[in-house]
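Q: Handing over query.cif, mmCIF, N, CA and C atoms and all ligand atoms.
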data_data
#
loop_
_atom_site.label_atom_id
_atom_site.label_comp_id
_atom_site.auth_asym_id
_atom_site.auth_seq_id
_atom_site.Cartn_x
_atom_site.Cartn_y
_atom_site.Cartn_z
N MET A 299 -34.29 -44.47 -7.68
CA MET A 299 -33.47 -45.48 -6.98
C MET A 299 -33.40 -45.16 -5.50
N LYS A 300 -33.75 -46.11 -4.68
CA LYS A 300 -33.85 -45.88 -3.23
C LYS A 300 -32.54 -45.40 -2.61
N TRP A 301 -31.52 -46.07 -2.96
CA TRP A 301 -30.20 -45.78 -2.35
C TRP A 301 -29.83 -44.29 -2.55
N GLY A 302 -30.00 -43.83 -3.79
CA GLY A 302 -29.68 -42.45 -4.14
C GLY A 302 -30.47 -41.46 -3.31
N ARG A 303 -31.76 -41.72 -3.09
CA ARG A 303 -32.58 -40.77 -2.35
C ARG A 303 -32.19 -40.73 -0.87
N LEU A 304 -31.83 -41.87 -0.35
CA LEU A 304 -31.44 -41.91 1.07
C LEU A 304 -30.12 -41.16 1.29
N HIS A 305 -29.32 -41.25 0.31
CA HIS A 305 -27.99 -40.68 0.46
C HIS A 305 -27.98 -39.17 0.32
N GLU A 306 -28.96 -38.66 -0.37
CA GLU A 306 -29.00 -37.23 -0.71
C GLU A 306 -28.83 -36.28 0.49
N PRO A 307 -29.64 -36.45 1.56
CA PRO A 307 -29.55 -35.46 2.65
C PRO A 307 -28.15 -35.40 3.27
N CYS A 308 -27.51 -36.54 3.37
CA CYS A 308 -26.16 -36.57 3.93
C CYS A 308 -25.22 -35.72 3.08
N HIS A 309 -25.36 -35.86 1.82
CA HIS A 309 -24.49 -35.15 0.90
C HIS A 309 -24.59 -33.65 1.06
N ALA A 310 -25.83 -33.18 1.24
CA ALA A 310 -26.06 -31.75 1.36
C ALA A 310 -25.29 -31.19 2.55
N LYS A 311 -25.18 -31.98 3.61
CA LYS A 311 -24.53 -31.47 4.82
C LYS A 311 -23.05 -31.85 4.89
N SER A 312 -22.58 -32.42 3.79
CA SER A 312 -21.22 -32.95 3.88
C SER A 312 -20.21 -31.84 4.13
N TYR A 313 -19.12 -32.22 4.65
CA TYR A 313 -18.05 -31.32 5.06
C TYR A 313 -17.50 -30.53 3.89
N ASN A 314 -17.38 -29.26 4.06
CA ASN A 314 -17.00 -28.35 2.99
C ASN A 314 -15.63 -27.73 3.32
N PRO A 315 -14.62 -28.12 2.58
CA PRO A 315 -13.25 -27.64 2.91
C PRO A 315 -13.15 -26.12 2.90
N GLN A 316 -13.84 -25.46 2.01
CA GLN A 316 -13.77 -24.00 1.92
C GLN A 316 -14.33 -23.37 3.20
N LYS A 317 -15.47 -23.92 3.65
CA LYS A 317 -16.11 -23.40 4.86
C LYS A 317 -15.18 -23.56 6.07
N MET A 318 -14.56 -24.72 6.17
CA MET A 318 -13.66 -24.97 7.28
C MET A 318 -12.54 -23.95 7.31
N SER A 319 -12.01 -23.66 6.16
CA SER A 319 -10.89 -22.75 6.10
C SER A 319 -11.34 -21.32 6.41
N ASP A 320 -12.57 -20.97 6.05
CA ASP A 320 -13.11 -19.66 6.43
C ASP A 320 -13.18 -19.54 7.94
N ASP A 321 -13.63 -20.60 8.60
CA ASP A 321 -13.75 -20.59 10.05
C ASP A 321 -12.40 -20.35 10.71
N VAL A 322 -11.41 -21.01 10.20
CA VAL A 322 -10.08 -20.88 10.78
C VAL A 322 -9.56 -19.46 10.65
N GLN A 323 -9.96 -18.80 9.58
CA GLN A 323 -9.46 -17.46 9.36
C GLN A 323 -10.24 -16.37 10.09
N LYS A 324 -11.31 -16.73 10.77
CA LYS A 324 -12.07 -15.74 11.53
C LYS A 324 -11.20 -15.11 12.60
N PRO A 325 -11.43 -13.82 12.89
CA PRO A 325 -10.63 -13.16 13.92
C PRO A 325 -10.74 -13.86 15.28
N ASP A 326 -11.87 -14.51 15.55
CA ASP A 326 -12.05 -15.21 16.83
C ASP A 326 -10.96 -16.25 17.05
N ALA A 327 -10.40 -16.72 15.97
CA ALA A 327 -9.40 -17.78 16.11
C ALA A 327 -8.09 -17.22 16.67
N ASP A 328 -7.92 -15.92 16.56
CA ASP A 328 -6.65 -15.30 16.95
C ASP A 328 -6.22 -15.51 18.39
N PRO A 329 -7.10 -15.24 19.38
CA PRO A 329 -6.63 -15.39 20.77
C PRO A 329 -6.11 -16.78 21.04
N TYR A 330 -6.73 -17.76 20.42
CA TYR A 330 -6.30 -19.13 20.59
C TYR A 330 -4.86 -19.28 20.11
N VAL A 331 -4.63 -18.77 18.91
CA VAL A 331 -3.29 -18.86 18.33
C VAL A 331 -2.30 -18.13 19.22
N THR A 332 -2.68 -16.94 19.69
CA THR A 332 -1.82 -16.16 20.55
C THR A 332 -1.46 -16.94 21.80
N ASN A 333 -2.47 -17.61 22.39
CA ASN A 333 -2.21 -18.39 23.59
C ASN A 333 -1.27 -19.54 23.31
N ARG A 334 -1.44 -20.14 22.14
CA ARG A 334 -0.55 -21.23 21.77
C ARG A 334 0.88 -20.72 21.70
N MET A 335 1.04 -19.55 21.14
CA MET A 335 2.36 -18.95 21.05
C MET A 335 2.92 -18.72 22.46
N GLY A 336 2.07 -18.26 23.34
CA GLY A 336 2.49 -18.02 24.72
C GLY A 336 3.00 -19.29 25.37
N ILE A 337 2.31 -20.37 25.10
CA ILE A 337 2.72 -21.66 25.65
C ILE A 337 4.10 -22.05 25.15
N PHE A 338 4.31 -21.81 23.87
CA PHE A 338 5.62 -22.10 23.29
C PHE A 338 6.70 -21.28 23.95
N GLU A 339 6.42 -20.00 24.13
CA GLU A 339 7.40 -19.13 24.77
C GLU A 339 7.73 -19.66 26.16
N TYR A 340 6.70 -20.15 26.85
CA TYR A 340 6.94 -20.64 28.20
C TYR A 340 7.77 -21.90 28.21
N LEU A 341 7.47 -22.76 27.27
CA LEU A 341 8.24 -23.99 27.20
C LEU A 341 9.69 -23.69 26.86
N LEU A 342 9.87 -22.75 25.92
CA LEU A 342 11.23 -22.38 25.53
C LEU A 342 11.95 -21.72 26.69
N GLY A 343 11.17 -21.06 27.56
CA GLY A 343 11.74 -20.42 28.72
C GLY A 343 12.12 -21.42 29.80
N GLY A 344 11.86 -22.69 29.56
CA GLY A 344 12.28 -23.73 30.49
C GLY A 344 11.24 -24.06 31.53
N SER A 345 10.07 -23.48 31.41
CA SER A 345 9.05 -23.76 32.43
C SER A 345 8.15 -24.89 31.98
N VAL A 346 7.95 -25.83 32.86
CA VAL A 346 7.09 -26.95 32.50
C VAL A 346 5.93 -27.06 33.49
N GLU A 347 5.73 -26.03 34.26
CA GLU A 347 4.65 -26.07 35.23
C GLU A 347 3.31 -26.19 34.53
N LYS A 348 2.47 -27.11 35.02
CA LYS A 348 1.18 -27.37 34.38
C LYS A 348 0.30 -26.14 34.34
N LYS A 349 0.29 -25.41 35.41
CA LYS A 349 -0.59 -24.25 35.50
C LYS A 349 -0.26 -23.21 34.43
N LEU A 350 1.00 -23.11 34.10
CA LEU A 350 1.40 -22.15 33.08
C LEU A 350 0.88 -22.56 31.72
N LEU A 351 0.79 -23.86 31.54
CA LEU A 351 0.29 -24.36 30.27
C LEU A 351 -1.18 -24.04 30.09
N ALA A 352 -1.88 -23.83 31.16
CA ALA A 352 -3.29 -23.50 31.09
C ALA A 352 -3.48 -21.99 30.92
N VAL A 353 -2.45 -21.33 30.45
CA VAL A 353 -2.49 -19.90 30.18
C VAL A 353 -2.88 -19.10 31.41
N ARG A 354 -2.13 -19.35 32.48
CA ARG A 354 -2.34 -18.59 33.68
C ARG A 354 -1.75 -17.19 33.52
N VAL A 355 -0.80 -17.08 32.63
CA VAL A 355 -0.11 -15.81 32.46
C VAL A 355 -0.72 -15.01 31.33
N PHE A 356 -0.51 -13.73 31.40
CA PHE A 356 -0.99 -12.85 30.35
C PHE A 356 0.04 -12.80 29.22
N ASP A 357 -0.50 -12.67 28.05
CA ASP A 357 0.32 -12.50 26.88
C ASP A 357 1.07 -11.16 26.96
N GLU A 358 2.28 -11.12 26.43
CA GLU A 358 3.06 -9.87 26.42
C GLU A 358 2.29 -8.74 25.75
N LYS A 359 1.57 -9.09 24.71
CA LYS A 359 0.81 -8.09 23.96
C LYS A 359 -0.27 -7.48 24.85
N VAL A 360 -0.94 -8.33 25.62
CA VAL A 360 -1.99 -7.88 26.53
C VAL A 360 -1.38 -6.98 27.60
N LYS A 361 -0.24 -7.40 28.13
CA LYS A 361 0.43 -6.62 29.17
C LYS A 361 0.77 -5.23 28.67
N ARG A 362 1.38 -5.20 27.50
CA ARG A 362 1.81 -3.91 26.96
C ARG A 362 0.63 -2.99 26.70
N ALA A 363 -0.45 -3.55 26.15
CA ALA A 363 -1.63 -2.74 25.85
C ALA A 363 -2.25 -2.22 27.15
N THR A 364 -2.33 -3.09 28.15
CA THR A 364 -2.90 -2.68 29.43
C THR A 364 -2.03 -1.61 30.08
N TYR A 365 -0.73 -1.81 30.02
CA TYR A 365 0.21 -0.85 30.59
C TYR A 365 0.02 0.52 29.94
N ALA A 366 -0.04 0.53 28.62
CA ALA A 366 -0.17 1.80 27.89
C ALA A 366 -1.45 2.52 28.27
N LYS A 367 -2.53 1.77 28.36
CA LYS A 367 -3.84 2.35 28.68
C LYS A 367 -3.83 2.91 30.10
N GLN A 368 -3.34 2.11 31.03
CA GLN A 368 -3.30 2.51 32.43
C GLN A 368 -2.40 3.73 32.65
N THR A 369 -1.25 3.72 31.99
CA THR A 369 -0.28 4.79 32.17
C THR A 369 -0.82 6.10 31.62
N GLN A 370 -1.46 6.02 30.48
CA GLN A 370 -2.03 7.22 29.88
C GLN A 370 -3.10 7.81 30.80
N ALA A 371 -3.98 6.97 31.30
CA ALA A 371 -5.05 7.43 32.19
C ALA A 371 -4.46 8.02 33.46
N ALA A 372 -3.42 7.36 34.00
CA ALA A 372 -2.81 7.80 35.25
C ALA A 372 -2.14 9.16 35.08
N LYS A 373 -1.45 9.34 33.98
CA LYS A 373 -0.78 10.61 33.72
C LYS A 373 -1.81 11.74 33.62
N GLY A 374 -2.92 11.45 32.99
CA GLY A 374 -3.99 12.43 32.86
C GLY A 374 -4.50 12.90 34.22
N LYS A 375 -4.48 11.98 35.20
CA LYS A 375 -5.01 12.30 36.53
C LYS A 375 -3.90 12.71 37.49
N GLY A 376 -2.65 12.65 37.04
CA GLY A 376 -1.53 12.97 37.92
C GLY A 376 -1.36 11.94 39.03
N LYS A 377 -1.76 10.70 38.74
CA LYS A 377 -1.64 9.64 39.74
C LYS A 377 -0.70 8.55 39.26
N SER A 378 -0.38 7.65 40.17
CA SER A 378 0.47 6.53 39.81
C SER A 378 -0.25 5.62 38.83
N ASN A 379 0.51 4.97 37.95
CA ASN A 379 -0.10 4.00 37.03
C ASN A 379 -0.29 2.64 37.70
N CYS A 380 0.16 2.50 38.95
CA CYS A 380 -0.22 1.32 39.73
C CYS A 380 -1.46 1.73 40.52
N PRO A 381 -2.60 1.10 40.24
CA PRO A 381 -3.85 1.52 40.90
C PRO A 381 -3.78 1.43 42.42
N LEU A 382 -2.98 0.51 42.94
CA LEU A 382 -2.89 0.39 44.40
C LEU A 382 -1.99 1.47 44.99
N CYS A 383 -0.95 1.87 44.26
CA CYS A 383 -0.13 3.00 44.70
C CYS A 383 -0.96 4.28 44.61
N ALA A 384 -1.76 4.39 43.57
CA ALA A 384 -2.54 5.62 43.34
C ALA A 384 -3.48 5.94 44.49
N VAL A 385 -3.97 4.91 45.17
CA VAL A 385 -4.89 5.15 46.29
C VAL A 385 -4.15 5.19 47.63
N GLY A 386 -2.84 5.04 47.56
CA GLY A 386 -2.04 5.08 48.80
C GLY A 386 -1.73 6.51 49.20
N HIS A 387 -0.96 6.63 50.27
CA HIS A 387 -0.67 7.98 50.78
C HIS A 387 0.82 8.27 50.84
N ASP A 388 1.63 7.38 50.32
CA ASP A 388 3.07 7.64 50.38
C ASP A 388 3.57 8.29 49.08
N ALA A 389 4.87 8.40 48.99
CA ALA A 389 5.50 9.09 47.86
C ALA A 389 5.18 8.44 46.52
N ASN A 390 4.81 7.17 46.54
CA ASN A 390 4.56 6.46 45.28
C ASN A 390 3.20 6.76 44.65
N LYS A 391 2.38 7.55 45.34
CA LYS A 391 1.01 7.69 44.84
C LYS A 391 0.92 8.39 43.48
N ALA A 392 1.97 9.10 43.10
CA ALA A 392 1.97 9.73 41.78
C ALA A 392 3.08 9.17 40.90
N ARG A 393 3.62 8.03 41.33
CA ARG A 393 4.76 7.48 40.59
C ARG A 393 4.31 6.75 39.33
N ILE A 394 4.99 7.06 38.23
CA ILE A 394 4.74 6.35 36.98
C ILE A 394 5.84 5.29 36.83
N TYR A 395 5.41 4.05 36.89
CA TYR A 395 6.36 2.94 36.78
C TYR A 395 6.63 2.61 35.32
N ASP A 396 7.83 2.10 35.08
CA ASP A 396 8.14 1.56 33.76
C ASP A 396 7.47 0.20 33.63
N LEU A 397 7.33 -0.23 32.39
CA LEU A 397 6.69 -1.53 32.15
C LEU A 397 7.42 -2.65 32.90
N ASP A 398 8.74 -2.59 32.95
CA ASP A 398 9.47 -3.68 33.61
C ASP A 398 9.47 -3.56 35.13
N GLU A 399 8.87 -2.50 35.63
CA GLU A 399 8.71 -2.37 37.09
C GLU A 399 7.32 -2.83 37.53
N MET A 400 6.57 -3.33 36.58
CA MET A 400 5.20 -3.75 36.87
C MET A 400 4.98 -5.18 36.43
N ASP A 401 3.91 -5.77 36.94
CA ASP A 401 3.55 -7.11 36.51
C ASP A 401 2.03 -7.21 36.38
N ALA A 402 1.60 -8.12 35.52
CA ALA A 402 0.17 -8.25 35.26
C ALA A 402 -0.51 -9.00 36.39
N ASP A 403 -1.69 -8.55 36.72
CA ASP A 403 -2.47 -9.16 37.78
C ASP A 403 -3.85 -9.52 37.25
N HIS A 404 -4.38 -10.64 37.73
CA HIS A 404 -5.75 -11.01 37.36
C HIS A 404 -6.72 -10.24 38.24
N VAL A 405 -7.57 -9.43 37.63
CA VAL A 405 -8.57 -8.68 38.40
C VAL A 405 -9.47 -9.68 39.13
N SER A 406 -9.98 -10.65 38.39
CA SER A 406 -10.69 -11.79 38.97
C SER A 406 -9.65 -12.88 39.13
N ALA A 407 -9.42 -13.34 40.33
CA ALA A 407 -8.32 -14.27 40.58
C ALA A 407 -8.39 -15.50 39.68
N TRP A 408 -7.24 -15.88 39.20
CA TRP A 408 -7.12 -17.07 38.36
C TRP A 408 -7.67 -18.30 39.09
N SER A 409 -7.37 -18.37 40.38
CA SER A 409 -7.81 -19.52 41.17
C SER A 409 -9.33 -19.57 41.29
N LYS A 410 -9.98 -18.43 41.02
CA LYS A 410 -11.45 -18.41 41.10
C LYS A 410 -12.07 -18.35 39.73
N GLY A 411 -11.31 -18.74 38.73
CA GLY A 411 -11.88 -18.83 37.39
C GLY A 411 -11.62 -17.64 36.50
N GLY A 412 -10.91 -16.64 37.02
CA GLY A 412 -10.59 -15.49 36.17
C GLY A 412 -9.66 -15.92 35.05
N ASP A 413 -9.89 -15.43 33.86
CA ASP A 413 -9.05 -15.87 32.75
C ASP A 413 -7.96 -14.84 32.46
N SER A 414 -7.14 -15.16 31.48
CA SER A 414 -5.99 -14.30 31.16
C SER A 414 -6.26 -13.48 29.90
N THR A 415 -7.36 -12.76 29.92
CA THR A 415 -7.69 -11.90 28.80
C THR A 415 -7.43 -10.45 29.20
N ALA A 416 -7.38 -9.57 28.21
CA ALA A 416 -7.12 -8.15 28.46
C ALA A 416 -8.15 -7.58 29.43
N LYS A 417 -9.38 -8.07 29.35
CA LYS A 417 -10.46 -7.56 30.20
C LYS A 417 -10.19 -7.85 31.67
N ASN A 418 -9.47 -8.92 31.93
CA ASN A 418 -9.22 -9.33 33.31
C ASN A 418 -7.80 -9.00 33.75
N CYS A 419 -7.17 -8.11 33.03
CA CYS A 419 -5.76 -7.78 33.31
C CYS A 419 -5.62 -6.38 33.88
N GLN A 420 -4.86 -6.26 34.95
CA GLN A 420 -4.43 -4.94 35.40
C GLN A 420 -2.95 -5.03 35.74
N MET A 421 -2.25 -3.93 35.51
CA MET A 421 -0.84 -3.91 35.82
C MET A 421 -0.67 -3.31 37.22
N LEU A 422 0.13 -3.99 38.04
CA LEU A 422 0.45 -3.50 39.37
C LEU A 422 1.96 -3.35 39.46
N CYS A 423 2.41 -2.44 40.34
CA CYS A 423 3.85 -2.38 40.55
C CYS A 423 4.26 -3.72 41.17
N ILE A 424 5.50 -4.08 41.02
CA ILE A 424 5.94 -5.41 41.45
C ILE A 424 5.69 -5.64 42.94
N THR A 425 5.90 -4.59 43.73
CA THR A 425 5.66 -4.71 45.18
C THR A 425 4.21 -5.08 45.47
N HIS A 426 3.28 -4.38 44.84
CA HIS A 426 1.87 -4.67 45.09
C HIS A 426 1.45 -6.00 44.48
N ASN A 427 2.01 -6.31 43.34
CA ASN A 427 1.67 -7.58 42.72
C ASN A 427 2.08 -8.74 43.62
N ARG A 428 3.28 -8.64 44.21
CA ARG A 428 3.74 -9.71 45.10
C ARG A 428 2.90 -9.77 46.34
N ALA A 429 2.57 -8.61 46.87
CA ALA A 429 1.76 -8.57 48.09
C ALA A 429 0.43 -9.24 47.86
N LYS A 430 -0.14 -9.01 46.70
CA LYS A 430 -1.43 -9.60 46.38
C LYS A 430 -1.31 -11.10 46.18
N GLY A 431 -0.24 -11.51 45.49
CA GLY A 431 -0.04 -12.92 45.19
C GLY A 431 0.17 -13.76 46.44
N ASN A 432 0.74 -13.15 47.48
CA ASN A 432 1.04 -13.91 48.69
C ASN A 432 -0.15 -14.08 49.62
N ARG A 433 -1.21 -13.39 49.32
CA ARG A 433 -2.36 -13.46 50.20
C ARG A 433 -3.03 -14.80 50.18
ZN ZN B 1 1.86 -0.24 43.65
#
What does the file become when written as structure tokens?
Ligand SMILES: [Zn+2]
A:
Amino acid sequence: MKWGRLHEPCHAKSYNPQKMSDDVQKPDADPYVTNRMGIFEYLLGGSVEKKLLAVRVFDEKVKRATYAKQTQAAKGKGKSNCPLCAVGHDANKARIYDLDEMDADHVSAWSKGGDSTAKNCQMLCITHNRAKGNR
């Protein structure tokens, strides 16, 4: 029967609910979900700025992980965990800042296409972060 034969190839490629659900469960899907959560947190925080919705900010999880990594490395070298303080010459060059004394910075500027992933995150002391942001 002609109709049956024509229909066959379509059927083979038809949408498979099990496959779809496997895709959703892949670890790759996680950052997306995390970002969505971040957006919610921002909205709940009362911010409606469009740029924030585009995930301009780093996730808390990313910040904490970056902070821990940077601080550990800095302590090992006896330097400040703010990379800009560490290369300075004042009293702060060996200062270890607390997490709440620092803020996340885009290594590659957000305005130039840098994204908000752990790879593009560095923690700076608040003073240096502001100085950089105002440039
Ligand atoms: Zn600094």
Q: Ligand ZN 1 (chain B): which residues are within 7 Å, counting only N, CA and C atoms and all ligand atoms, as an MDAnalysis selection string?
A: chainID A and resid 379:384 422:427
Q: Now that the selection is made, can you save its residues with N, CA and C atoms as a short mmCIF file (atom, residue, chain, number, x, y, z; two decimals), in the frame of the given file?
A:
data_model
loop_
_atom_site.label_atom_id
_atom_site.label_comp_id
_atom_site.auth_asym_id
_atom_site.auth_seq_id
_atom_site.Cartn_x
_atom_site.Cartn_y
_atom_site.Cartn_z
N ASN A 379 0.51 4.97 37.95
CA ASN A 379 -0.10 4.00 37.03
C ASN A 379 -0.29 2.64 37.70
N CYS A 380 0.16 2.50 38.95
CA CYS A 380 -0.22 1.32 39.73
C CYS A 380 -1.46 1.73 40.52
N PRO A 381 -2.60 1.10 40.24
CA PRO A 381 -3.85 1.52 40.90
C PRO A 381 -3.78 1.43 42.42
N LEU A 382 -2.98 0.51 42.94
CA LEU A 382 -2.89 0.39 44.40
C LEU A 382 -1.99 1.47 44.99
N CYS A 383 -0.95 1.87 44.26
CA CYS A 383 -0.13 3.00 44.70
C CYS A 383 -0.96 4.28 44.61
N ALA A 384 -1.76 4.39 43.57
CA ALA A 384 -2.54 5.62 43.34
C ALA A 384 -3.48 5.94 44.49
N LEU A 422 0.13 -3.99 38.04
CA LEU A 422 0.45 -3.50 39.37
C LEU A 422 1.96 -3.35 39.46
N CYS A 423 2.41 -2.44 40.34
CA CYS A 423 3.85 -2.38 40.55
C CYS A 423 4.26 -3.72 41.17
N ILE A 424 5.50 -4.08 41.02
CA ILE A 424 5.94 -5.41 41.45
C ILE A 424 5.69 -5.64 42.94
N THR A 425 5.90 -4.59 43.73
CA THR A 425 5.66 -4.71 45.18
C THR A 425 4.21 -5.08 45.47
N HIS A 426 3.28 -4.38 44.84
CA HIS A 426 1.87 -4.67 45.09
C HIS A 426 1.45 -6.00 44.48
N ASN A 427 2.01 -6.31 43.34
CA ASN A 427 1.67 -7.58 42.72
C ASN A 427 2.08 -8.74 43.62
#
Q: Which distance in Å separates atom C of Ala429 (chain A) and atom N of His404 (chain A), to one decimal?
A: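 Atom-to-atom, atom C of Ala429 (chain A) to atom N of His404 (chain A), that is 11.3 Å.
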Q: To one decimal in Å, tell me the separation between atom N of Asp413 (chain A) and atom N of Val355 (chain A).
A: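 Going from atom N of Asp413 (chain A) over to atom N of Val355 (chain A), I get 9.3 Å.
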Q: Could you jot down the CA of Val405 (chain A) to CA of Lys391 (chain A) separation for me, Å, one decimal place?
A: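 Pair CA of Val405 (chain A) / CA of Lys391 (chain A) returns 20.0 Å.
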Q: Considering only N, CA and C atoms, can you say which of A:Ala407, A:Asp388, A:Asp398, A:Tyr365 comes closest to Gln420 (chain A)?
A: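 That would be A:Tyr365, the residue with the smallest distance to Gln420 (chain A).
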Q: For Ser414 (chain A), which of A:Arg393, A:Lys367, A:Lys430, A:Arg354 is the closest residue, counting only N, CA and C atoms?
A: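 Answer, going by the shortest atom-to-atom distance: A:Arg354.
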Q: Taking (-5.7, -10.6, 31.3) in the file's coordinates as the center, which residues reach within 10 Å of it, counting only C-alpha atoms, put as a list in words?
A: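 Residues with an atom at most 10 Å from (-5.7, -10.6, 31.3): Val353, Arg354, Val355, Phe356, Asp357, Val360, Lys361, Thr364, Ala402, Asp403, His404, Val405, Ser406, Trp408, Gly412, Asp413, Ser414, Thr415, Ala416, Lys417, Asn418, Cys419, Gln420 and Met421 of chain A.
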